[in-house]
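So this one's query34.cif, mmCIF, C-alpha atoms:
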data_target
#
loop_
_atom_site.label_atom_id
_atom_site.label_comp_id
_atom_site.auth_asym_id
_atom_site.auth_seq_id
_atom_site.Cartn_x
_atom_site.Cartn_y
_atom_site.Cartn_z
CA MET A 23 0.00 0.00 0.00
CA ALA A 24 2.97 2.24 -0.56
CA ASP A 25 1.05 4.63 -2.74
CA SER A 26 2.38 7.92 -3.94
CA ASN A 27 -0.28 9.86 -2.09
CA ILE A 28 0.57 8.21 1.20
CA SER A 29 3.93 8.82 2.75
CA VAL A 30 5.80 6.08 4.57
CA GLN A 31 5.42 7.86 7.89
CA GLY A 32 1.76 8.43 7.23
CA TYR A 33 1.23 4.76 6.39
CA ILE A 34 2.94 3.52 9.53
CA LYS A 35 1.27 6.14 11.67
CA HIS A 36 -2.10 5.17 10.22
CA HIS A 37 -1.59 1.57 11.22
CA LEU A 38 -0.31 2.33 14.68
CA THR A 39 -3.05 4.80 15.54
CA ASP A 40 -6.28 3.44 16.88
CA LEU A 41 -9.71 4.92 16.44
CA THR A 42 -10.49 6.63 19.73
CA ILE A 43 -13.58 7.99 21.30
CA GLY A 44 -13.42 10.54 24.08
CA GLU A 45 -10.72 13.02 25.07
CA GLY A 46 -7.49 12.85 27.05
CA PHE A 47 -7.20 10.12 29.62
CA TRP A 48 -10.83 9.08 29.28
CA ALA A 49 -10.40 8.20 25.62
CA ILE A 50 -11.19 4.64 24.65
CA ASN A 51 -9.28 2.87 21.89
CA LEU A 52 -12.20 1.37 20.06
CA GLY A 53 -10.33 -1.04 17.83
CA ALA A 54 -8.12 -2.53 20.51
CA LEU A 55 -10.73 -2.75 23.23
CA GLY A 56 -13.45 -3.86 20.83
CA TRP A 57 -11.38 -6.69 19.38
CA SER A 58 -10.11 -7.57 22.83
CA LEU A 59 -13.67 -7.90 24.16
CA PHE A 60 -14.77 -9.76 21.04
CA LEU A 61 -11.90 -12.26 21.28
CA GLY A 62 -12.32 -12.72 25.01
CA SER A 63 -16.01 -13.38 24.50
CA LEU A 64 -15.20 -15.76 21.69
CA PHE A 65 -12.92 -17.65 24.07
CA ILE A 66 -15.30 -17.88 27.02
CA ILE A 67 -18.38 -18.61 24.94
CA SER A 68 -16.77 -21.36 22.89
CA PHE A 69 -15.14 -22.88 25.97
CA ALA A 70 -18.30 -22.61 28.04
CA TRP A 71 -20.18 -24.25 25.19
CA VAL A 72 -17.72 -27.12 25.24
CA GLY A 73 -18.05 -27.23 29.03
CA ARG A 74 -21.81 -27.55 28.79
CA LYS A 75 -21.69 -30.25 26.20
CA ALA A 76 -18.62 -31.94 27.65
CA THR A 77 -18.91 -35.69 27.55
CA THR A 78 -16.93 -38.00 29.75
CA GLY A 79 -16.99 -40.57 26.99
CA VAL A 80 -15.21 -40.19 23.65
CA PRO A 81 -14.81 -36.42 23.11
CA GLY A 82 -15.25 -34.59 19.83
CA LYS A 83 -12.32 -32.90 18.14
CA PHE A 84 -13.05 -29.43 19.45
CA GLN A 85 -13.58 -30.78 22.95
CA CYS A 86 -10.27 -32.62 22.59
CA MET A 87 -8.51 -29.39 21.67
CA VAL A 88 -10.10 -27.52 24.55
CA GLU A 89 -9.22 -30.31 26.93
CA MET A 90 -5.63 -30.34 25.68
CA ILE A 91 -5.36 -26.61 26.40
CA ILE A 92 -6.96 -27.06 29.82
CA GLU A 93 -4.65 -29.93 30.67
CA PHE A 94 -1.66 -27.93 29.50
CA VAL A 95 -2.64 -24.93 31.61
CA GLY A 96 -3.59 -27.17 34.53
CA SER A 97 -0.24 -28.96 34.54
CA SER A 98 1.64 -25.65 34.25
CA VAL A 99 -0.28 -24.39 37.26
CA LYS A 100 0.25 -27.59 39.20
CA GLU A 101 4.01 -27.49 38.61
CA THR A 102 4.41 -23.91 39.79
CA PHE A 103 1.60 -23.10 42.16
CA HIS A 104 1.77 -25.37 45.18
CA VAL A 105 -0.90 -23.83 47.35
CA LYS A 106 -4.40 -25.19 46.93
CA ASP A 107 -6.43 -22.54 45.16
CA LYS A 108 -9.32 -22.86 42.76
CA LEU A 109 -9.01 -19.42 41.21
CA ILE A 110 -5.48 -19.67 39.86
CA ALA A 111 -6.18 -22.17 37.09
CA PRO A 112 -9.10 -20.21 35.57
CA ILE A 113 -6.95 -17.06 35.74
CA ALA A 114 -4.13 -18.79 33.92
CA LEU A 115 -6.49 -20.25 31.31
CA THR A 116 -8.20 -16.93 30.66
CA ILE A 117 -4.90 -15.11 30.33
CA PHE A 118 -3.38 -17.73 28.06
CA MET A 119 -6.32 -18.12 25.69
CA TRP A 120 -7.20 -14.45 25.58
CA ILE A 121 -3.68 -13.26 24.89
CA PHE A 122 -3.21 -16.08 22.42
CA LEU A 123 -6.28 -15.02 20.45
CA MET A 124 -5.34 -11.35 20.60
CA ASN A 125 -1.82 -12.16 19.41
CA LEU A 126 -3.29 -14.36 16.69
CA MET A 127 -4.90 -11.30 15.11
CA LYS A 128 -1.43 -10.19 14.13
CA LEU A 129 -1.36 -12.87 11.48
CA VAL A 130 -4.14 -11.07 9.65
CA PRO A 131 -2.31 -9.11 6.94
CA VAL A 132 -1.91 -5.53 8.12
CA ASP A 133 -4.04 -3.89 5.43
CA TRP A 134 -6.97 -6.27 5.30
CA PHE A 135 -8.94 -5.17 8.28
CA PRO A 136 -8.36 -1.39 7.89
CA THR A 137 -9.46 -1.66 4.25
CA VAL A 138 -12.59 -3.62 5.06
CA ALA A 139 -13.41 -1.37 8.00
CA GLY A 140 -12.79 1.75 5.91
CA MET A 141 -15.04 0.46 3.12
CA ALA A 142 -17.73 -0.31 5.65
CA GLY A 143 -17.25 3.20 7.02
CA LEU A 144 -17.65 4.74 3.56
CA ALA A 145 -20.75 2.67 2.96
CA PHE A 146 -22.54 3.21 6.26
CA ASN A 147 -21.03 6.36 7.69
CA SER A 148 -19.75 8.46 4.80
CA GLY A 149 -20.49 11.61 6.80
CA SER A 150 -17.48 11.18 9.02
CA LEU A 151 -15.03 11.21 6.10
CA PRO A 152 -12.61 14.14 6.66
CA GLU A 153 -13.19 17.04 4.31
CA TYR A 154 -9.63 17.05 3.00
CA ALA A 155 -10.20 13.53 1.61
CA ALA A 156 -13.26 14.37 -0.46
CA GLU A 157 -11.24 14.69 -3.68
CA TYR A 158 -9.14 11.52 -3.10
CA GLY A 159 -9.38 8.30 -5.07
CA PHE A 160 -11.43 5.43 -3.67
CA LEU A 161 -8.69 3.60 -1.80
CA GLU A 162 -7.34 6.83 -0.33
CA ARG A 163 -10.82 7.71 0.81
CA VAL A 164 -11.18 4.28 2.36
CA MET A 165 -7.94 4.76 4.25
CA ALA A 166 -8.84 8.30 5.27
CA HIS A 167 -12.11 7.19 6.84
CA PRO A 168 -11.88 7.06 10.63
CA TRP A 169 -13.17 3.49 10.73
CA SER A 170 -10.09 2.32 8.85
CA TYR A 171 -8.11 3.26 11.96
CA LEU A 172 -9.67 0.42 13.93
CA LYS A 173 -6.81 -1.76 15.10
CA ILE A 174 -7.25 -5.49 14.88
CA ALA A 175 -4.35 -6.69 17.04
CA PRO A 176 -5.15 -5.58 20.61
CA THR A 177 -1.87 -6.69 22.16
CA THR A 178 0.02 -4.12 20.10
CA ASP A 179 -1.75 -1.52 22.22
CA VAL A 180 0.04 -0.75 25.47
CA ASN A 181 -3.27 -0.05 27.18
CA ILE A 182 -4.44 -3.60 26.62
CA THR A 183 -1.26 -5.25 27.88
CA MET A 184 -0.92 -2.87 30.81
CA GLY A 185 -4.59 -3.33 31.58
CA MET A 186 -4.02 -7.04 31.93
CA ALA A 187 -0.85 -6.40 33.93
CA LEU A 188 -2.91 -4.16 36.20
CA GLY A 189 -5.35 -7.00 36.67
CA VAL A 190 -2.47 -9.30 37.59
CA PHE A 191 -1.11 -6.65 39.96
CA ILE A 192 -4.44 -6.44 41.77
CA LEU A 193 -4.45 -10.23 41.95
CA ILE A 194 -0.94 -10.20 43.43
CA LEU A 195 -2.07 -7.78 46.13
CA GLY A 196 -5.21 -9.80 46.71
CA TYR A 197 -3.36 -13.09 46.97
CA SER A 198 -0.73 -11.59 49.29
CA ILE A 199 -3.36 -10.23 51.64
CA TYR A 200 -5.57 -13.31 51.40
CA TYR A 201 -2.79 -15.78 52.18
CA LYS A 202 -0.59 -13.73 54.52
CA GLY A 203 -2.99 -11.26 55.99
CA LEU A 204 -2.52 -7.52 55.78
CA GLY A 205 -0.02 -7.58 58.64
CA GLY A 206 1.89 -10.49 57.22
CA PHE A 207 2.11 -8.81 53.83
CA ALA A 208 3.30 -5.54 55.38
CA LYS A 209 5.79 -7.41 57.50
CA GLU A 210 7.15 -9.19 54.46
CA LEU A 211 7.56 -5.90 52.64
CA ALA A 212 9.39 -4.38 55.60
CA THR A 213 11.63 -7.28 56.59
CA THR A 214 13.01 -8.57 53.31
CA PRO A 215 15.71 -8.73 52.20
CA PHE A 216 17.33 -7.28 55.38
CA ASN A 217 15.65 -8.48 58.52
CA HIS A 218 16.53 -5.59 60.85
CA TRP A 219 14.16 -2.97 62.21
CA ALA A 220 16.47 -0.12 61.30
CA LEU A 221 16.46 -1.13 57.66
CA ALA A 222 12.68 -1.37 57.43
CA PRO A 223 12.22 1.82 55.35
CA PHE A 224 14.95 0.76 53.00
CA ASN A 225 13.38 -2.68 52.66
CA LEU A 226 10.01 -1.12 52.04
CA VAL A 227 11.32 0.99 49.17
CA LEU A 228 13.13 -1.99 47.70
CA GLU A 229 10.14 -4.31 47.98
CA LEU A 230 7.70 -1.74 46.60
CA VAL A 231 9.91 -1.30 43.57
CA THR A 232 10.05 -5.06 43.16
CA LEU A 233 6.31 -5.26 43.52
CA LEU A 234 5.67 -2.54 40.95
CA ALA A 235 8.27 -3.92 38.58
CA LYS A 236 6.31 -7.15 38.26
CA PRO A 237 3.21 -5.83 36.45
CA ILE A 238 5.16 -3.21 34.53
CA SER A 239 7.63 -5.72 33.15
CA LEU A 240 4.78 -8.14 32.49
CA GLY A 241 2.76 -5.65 30.46
CA LEU A 242 5.68 -4.02 28.68
CA ARG A 243 7.22 -7.34 27.68
CA LEU A 244 4.08 -8.42 25.87
CA PHE A 245 3.51 -5.00 24.38
CA GLY A 246 7.13 -4.60 23.28
CA ASN A 247 7.27 -7.96 21.56
CA LEU A 248 4.01 -7.56 19.73
CA TYR A 249 4.43 -3.89 18.89
CA ALA A 250 7.88 -4.49 17.46
CA GLY A 251 6.52 -7.40 15.45
CA GLU A 252 3.75 -5.18 14.15
CA VAL A 253 6.19 -2.49 13.10
CA ILE A 254 8.24 -5.08 11.24
CA PHE A 255 5.07 -6.28 9.51
CA LEU A 256 4.37 -2.69 8.46
CA LEU A 257 7.90 -2.17 7.16
CA ILE A 258 7.64 -5.42 5.21
CA ALA A 259 4.31 -4.25 3.80
CA LEU A 260 6.10 -1.17 2.44
CA VAL A 261 8.54 -3.20 0.38
CA GLY A 262 6.12 -3.77 -2.47
CA LEU A 263 5.89 -7.09 -4.27
CA GLY A 264 9.00 -8.37 -2.54
CA GLN A 265 7.02 -8.43 0.69
CA LEU A 266 5.42 -11.78 -0.09
CA PRO A 267 8.30 -14.09 0.95
CA LEU A 268 9.34 -11.71 3.71
CA HIS A 269 5.84 -11.46 5.06
CA PHE A 270 5.50 -15.22 4.94
CA ALA A 271 8.77 -15.76 6.81
CA TRP A 272 7.94 -13.17 9.46
CA ALA A 273 4.43 -14.59 9.90
CA VAL A 274 5.81 -18.10 10.36
CA PHE A 275 8.22 -16.75 12.94
CA HIS A 276 5.33 -14.97 14.59
CA ILE A 277 3.43 -18.20 15.06
CA LEU A 278 6.12 -18.97 17.62
CA VAL A 279 6.00 -15.49 19.16
CA ILE A 280 2.21 -15.57 19.48
CA VAL A 281 2.13 -18.77 21.52
CA LEU A 282 5.33 -18.02 23.39
CA GLN A 283 4.28 -14.57 24.57
CA ALA A 284 0.89 -15.86 25.69
CA PHE A 285 2.64 -18.69 27.53
CA ILE A 286 5.20 -16.35 29.14
CA PHE A 287 2.47 -13.99 30.34
CA MET A 288 0.54 -16.92 31.80
CA MET A 289 3.60 -18.52 33.44
CA LEU A 290 4.79 -15.26 34.98
CA THR A 291 1.30 -14.60 36.33
CA ILE A 292 1.32 -18.03 37.96
CA VAL A 293 4.81 -17.47 39.34
CA TYR A 294 3.98 -14.02 40.74
CA LEU A 295 0.77 -15.29 42.30
CA SER A 296 2.50 -18.32 43.77
CA MET A 297 5.15 -16.00 45.24
CA ALA A 298 2.32 -13.92 46.69
CA ALA A 299 0.56 -16.96 48.11
CA GLU A 300 3.51 -18.84 49.57
CA LYS A 301 5.08 -17.95 52.86
CA HIS A 302 8.79 -17.38 52.75
CA MET B 4 -0.23 5.63 21.90
CA ASP B 5 -1.12 7.16 25.23
CA ILE B 6 -2.23 5.46 28.37
CA ASN B 7 -5.95 6.04 28.58
CA ALA B 8 -9.19 4.56 29.83
CA THR B 9 -8.76 1.57 27.54
CA LEU B 10 -6.48 0.22 30.26
CA ILE B 11 -9.24 0.37 32.85
CA GLY B 12 -11.72 -1.15 30.42
CA GLN B 13 -9.35 -3.99 29.72
CA SER B 14 -8.84 -4.61 33.46
CA ILE B 15 -12.58 -4.73 34.05
CA ALA B 16 -13.03 -7.04 31.07
CA MET B 17 -10.30 -9.26 32.47
CA ALA B 18 -12.05 -9.49 35.82
CA VAL B 19 -15.32 -10.41 34.11
CA PHE B 20 -13.69 -13.00 31.86
CA VAL B 21 -11.78 -14.56 34.76
CA TRP B 22 -14.98 -14.76 36.78
CA PHE B 23 -16.81 -16.30 33.85
CA THR B 24 -14.05 -18.83 33.32
CA LEU B 25 -14.04 -19.65 37.02
CA LYS B 26 -17.80 -20.19 37.01
CA PHE B 27 -18.68 -21.70 33.65
CA VAL B 28 -15.58 -22.85 31.79
CA TRP B 29 -13.07 -24.46 34.09
CA PRO B 30 -15.27 -26.58 36.39
CA PRO B 31 -17.33 -28.52 33.81
CA ILE B 32 -14.44 -29.22 31.46
CA ASN B 33 -12.10 -30.12 34.29
CA ALA B 34 -14.77 -32.36 35.78
CA ALA B 35 -15.23 -34.07 32.42
CA ILE B 36 -11.49 -34.59 32.10
CA GLU B 37 -11.16 -35.97 35.62
CA GLU B 38 -14.19 -38.20 35.13
CA ARG B 39 -12.70 -39.60 31.95
CA GLN B 40 -9.32 -40.06 33.62
CA LYS B 41 -11.06 -42.06 36.33
CA LYS B 42 -12.82 -44.13 33.71
CA ILE B 43 -9.59 -44.79 31.87
CA ALA B 44 -7.85 -45.74 35.11
CA GLU B 45 -10.68 -48.11 35.93
CA GLY B 46 -10.52 -49.55 32.44
CA LEU B 47 -6.79 -50.11 32.78
CA ALA B 48 -7.25 -51.74 36.16
CA HIS B 49 -9.92 -53.90 34.61
CA THR B 50 -7.57 -54.91 31.84
CA ASP B 51 -4.88 -55.79 34.36
CA ARG B 52 -7.29 -57.88 36.34
CA ALA B 53 -8.58 -59.58 33.21
CA GLU B 54 -5.02 -60.35 32.19
CA LYS B 55 -4.33 -61.84 35.59
CA ASP B 56 -7.54 -63.86 35.39
CA LEU B 57 -6.54 -65.04 31.97
CA HIS B 58 -3.17 -66.18 33.30
CA ILE B 59 -4.87 -68.03 36.14
CA ALA B 60 -7.32 -69.64 33.75
CA GLN B 61 -4.49 -70.62 31.44
CA ASP B 62 -2.62 -72.20 34.35
CA LYS B 63 -5.76 -74.00 35.41
CA ALA B 64 -6.34 -75.24 31.88
CA LYS B 65 -2.77 -76.47 31.76
CA ASP B 66 -3.27 -78.33 35.06
CA ILE B 67 -6.50 -79.87 33.85
CA LEU B 68 -4.88 -80.91 30.62
CA ARG B 69 -1.98 -82.49 32.47
CA ASP B 70 -4.35 -84.32 34.79
CA ALA B 71 -6.34 -85.56 31.85
CA LYS B 72 -3.19 -86.79 30.16
CA GLU B 73 -2.13 -88.58 33.32
CA GLN B 74 -5.53 -90.15 33.66
CA ALA B 75 -5.52 -91.24 30.06
CA ALA B 76 -2.09 -92.77 30.52
CA ALA B 77 -3.28 -94.59 33.64
CA ILE B 78 -6.36 -95.89 31.83
CA ILE B 79 -4.27 -97.11 28.92
CA GLU B 80 -1.87 -98.78 31.31
CA GLN B 81 -4.75 -100.45 33.12
CA ALA B 82 -6.26 -101.59 29.85
CA ARG B 83 -2.97 -103.01 28.77
CA LYS B 84 -2.67 -104.90 32.06
CA ARG B 85 -6.17 -106.26 31.77
CA GLU B 86 -5.51 -107.26 28.19
CA GLY B 87 -2.48 -109.29 29.30
CA LYS B 88 -4.46 -110.87 32.06
CA MET B 89 -7.29 -111.78 29.73
CA ILE B 90 -4.90 -113.31 27.24
CA ASP B 91 -3.27 -115.31 30.03
CA GLU B 92 -6.63 -116.44 31.29
CA ALA B 93 -7.79 -117.42 27.83
CA THR B 94 -4.55 -119.27 27.20
CA SER B 95 -4.76 -121.23 30.41
CA LYS B 96 -8.42 -122.03 29.80
CA ALA B 97 -7.66 -123.19 26.29
CA ASN B 98 -4.83 -125.34 27.61
CA GLU B 99 -7.11 -126.88 30.18
CA GLU B 100 -9.70 -127.54 27.52
CA ARG B 101 -7.13 -129.14 25.31
CA ASP B 102 -5.86 -131.33 28.11
CA HIS B 103 -9.40 -132.29 28.93
CA ILE B 104 -10.21 -133.15 25.33
CA LEU B 105 -7.00 -135.06 24.96
CA THR B 106 -7.57 -137.18 28.07
CA GLN B 107 -11.12 -137.85 27.00
CA ALA B 108 -9.99 -138.87 23.54
CA ARG B 109 -7.29 -141.00 24.98
CA ALA B 110 -9.76 -142.75 27.28
CA GLU B 111 -12.11 -143.35 24.38
CA VAL B 112 -9.30 -144.71 22.26
CA ASP B 113 -8.24 -146.95 25.16
CA ALA B 114 -11.77 -148.23 25.62
CA GLU B 115 -12.15 -148.91 21.90
CA ARG B 116 -8.85 -150.70 21.85
CA SER B 117 -9.67 -152.88 24.78
CA ARG B 118 -13.04 -153.70 23.24
CA LEU B 119 -11.41 -154.54 19.93
CA ARG B 120 -8.86 -156.64 21.74
CA GLU B 121 -11.65 -158.44 23.54
CA ASP B 122 -13.39 -159.05 20.22
CA LEU B 123 -10.21 -160.27 18.66
CA ARG B 124 -9.54 -162.51 21.62
CA LYS B 125 -13.03 -163.95 21.29
CA GLN B 126 -12.61 -164.47 17.60
CA VAL B 127 -9.19 -166.02 18.13
CA ALA B 128 -10.71 -168.31 20.77
CA ALA B 129 -13.52 -169.19 18.42
CA LEU B 130 -11.01 -169.80 15.65
CA ALA B 131 -8.94 -171.87 17.97
CA VAL B 132 -11.93 -173.83 19.03
CA ALA B 133 -13.02 -174.21 15.39
CA GLY B 134 -9.53 -175.31 14.46
CA ALA B 135 -9.42 -177.62 17.37
CA GLU B 136 -12.83 -179.00 16.36
CA ARG B 137 -11.64 -179.68 12.87
CA ILE B 138 -8.59 -181.39 14.15
CA LEU B 139 -10.59 -183.25 16.68
CA GLN B 140 -13.21 -184.30 14.19
CA ARG B 141 -10.62 -185.94 12.12
CA GLU B 142 -9.01 -187.61 15.09
CA ILE B 143 -12.10 -188.51 16.97
CA ASP B 144 -13.46 -191.88 16.92
CA ASP B 145 -17.00 -192.05 17.87
CA ALA B 146 -16.64 -195.33 19.47
CA ALA B 147 -13.59 -194.46 21.39
CA HIS B 148 -14.82 -191.28 22.58
CA SER B 149 -18.46 -192.00 22.93
CA ASP B 150 -18.13 -192.51 26.61
CA ILE B 151 -16.86 -188.97 27.06
CA LEU B 152 -19.69 -187.77 24.95
CA GLU B 153 -22.09 -189.77 26.82
CA LYS B 154 -20.73 -188.44 30.03
CA LEU B 155 -21.22 -184.93 28.73
CA VAL B 156 -24.71 -185.72 27.62
CA GLN B 157 -25.43 -187.14 30.99
CA GLU B 158 -24.09 -184.11 32.66
CA LEU B 159 -26.41 -181.88 30.66
#
Please, can you express the file's structure as C-alpha cells?
Amino acid sequence: MADSNISVQGYIKHHLTDLTIGEGFWAINLGALGWSLFLGSLFIISFAWVGRKATTGVPGKFQCMVEMIIEFVGSSVKETFHVKDKLIAPIALTIFMWIFLMNLMKLVPVDWFPTVAGMAGLAFNSGSLPEYAAEYGFLERVMAHPWSYLKIAPTTDVNITMGMALGVFILILGYSIYYKGLGGFAKELATTPFNHWALAPFNLVLELVTLLAKPISLGLRLFGNLYAGEVIFLLIALVGLGQLPLHFAWAVFHILVIVLQAFIFMMLTIVYLSMAAEKH
Amino acid sequence: MDINATLIGQSIAMAVFVWFTLKFVWPPINAAIEERQKKIAEGLAHTDRAEKDLHIAQDKAKDILRDAKEQAAAIIEQARKREGKMIDEATSKANEERDHILTQARAEVDAERSRLREDLRKQVAALAVAGAERILQREIDDAAHSDILEKLVQEL
C-alpha cells in the first residue's frame, strides 16, 4: 500500500493509531478494546459451550482441543503453584487463551482489516469522512475514513497489555493479603531482604519497587514484543511485491511469538501469584 | 499511543472473563477430564485384572490338561494290564480244555482198543476152538470117545 499519495510515515502512523472515542485520559481505543472484548467473549463462549456439552466418553475434536489446552494450563499451574487454590487455574487459562487469540490477530495481513473497516465506514457512515479527503481516489478515501483506523491486534496496544498487567497486579495484592494477611504482607515488605528494624524503610522501598516492577515488566514485555513485530510487519508491507516471501517468513516466525508470549504472560502470572501466596 | 481509559476497560473485562471462566468454563471441562481419567484408570485396572484372570485360567487349563493326560495314561496302562491278564486267562483255559479233550480222547481210544482186543480174543478163541474142532473131528473116533460124549450128555 505504498502509494504515492501516502507517505511512509503516514502509512505507519495510520496503522499504529487506533480509532479513539473521548478526550485525554478518558479516551477509549475502540479497535483494541473492541477486538479484545470480542476475542475474550469468543474464548469464554466457545469454551463454556464445550463445558456444557462436555462428555466423559469419547470427546469430539473441538472438545479434545479444549481439553488439551486445559490440561496444558492445569499442569503448568500444578508445577508452579503449590498452594491449593481454585481461582489460579481459571486465571491462567483466561490469560493464556485471551492473549493467544489477541496475538493471533497479528497474522491477519496488516491492510486487510483497515481496508474492510474503511469500506464499511464509507458505505454506512460516509459523513465522518474528513473534508480534505473528499477529492481523493477510492482507496485513499477508504484509508482516510476514521473506521479504517480500527486496530485489529489488541496486544500491540500498550493499554491492553498494561490493563491485563494491572489486573495481575491487583491479583498479586489480593493473593498476598488473602494468604498472609494484611499484617503479614506488610511485614514481608518491611523485613526482606534485610531483617533488621532499622532497615525497614529501605526494605520497604526496595520491595515496593520489586512489587511494581512485576506488572510493569509483564505488560511491557508483551507490548514490546508484539508492537515491534507489528512495526516489522508494516515495514515489510512497504517493500512492495517483494514483501510476499518476507511477510510469509515473518508470519511463520510470529506463530512462535504468538504462543510463546501468551505462555510467558501466563507462566509469569502463575509465578507471581505463587510467590504472593507462599510464605517465605 | 497514550495510556488512557482503555487500560481500565481492559482490566474490568479481564475481571469479568476470569470470573466467567471460574464459574462456567473451568469446572465442567475439568470435571469431564477428571471423570474420563477415572474411567480410563478403571478400564486399565480392569484390563490388568482380566489379564491376571486369563493367566490363572491358562494355568488351570494347563493343570487340567496335564491331569487328563495322566488319567488317560493310567487308563491305557490299566487296559494293557487287563488285556495281558485276559490273554493269560484265555490261554490257560484253552490249555485246560485241550488237556481235557486229549484225556477224553485218549480214554475213548483206550476203551475202543480194549473192546477190539476183547473181540479179537473172542474171535481167536472161536477160531482156535473151530480149528481144534476140525482137528478133533478128524481124530475122533466115535466109538472111542463116545463114553466122554455120553458123560457130557449125561451131565447136561
For chain A, report every residue with an atom at most 6 Å from chain B (counting all atoms listed in the file), formatted as number ranges by chain. A: 47-51, 69-70, 73, 78, 112-113, 116, 181-182, 185-186, 189
Residues at most 9 Å from segment 228-237 of chain A, counting all atoms listed in the file, excluding those fewer than 3 positions away in the same chain, as an NGL selection string? :A and (184 or 186-191 or 194 or 210-212 or 214-215 or 223-225 or 240-242 or 290-291 or 294)
Could you check the closest approach to Trp120 of chain A for each of A:Leu278, A:Ala156, A:Ala220, A:Ala284 and tell me which residue wins, using all atoms listed in the file?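 That would be A:Ala284, the residue with the smallest distance to Trp120 of chain A.
Shortest separation to Ile238 of chain A among A:Leu59, A:Phe135, A:Phe287, A:His37 occurs at residue A:Phe287, atoms counted being all atoms listed in the file.
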Report, as AutoDock Vina command-line options, the centre and edge lengths in Å (one decimal) of the axis-aligned box enclosing every listed atom of segment 148-152 of chain B, padded by 8 Å on each side.
--center_x -17.3 --center_y -190.1 --center_z 24.8 --size_x 20.9 --size_y 20.7 --size_z 20.5
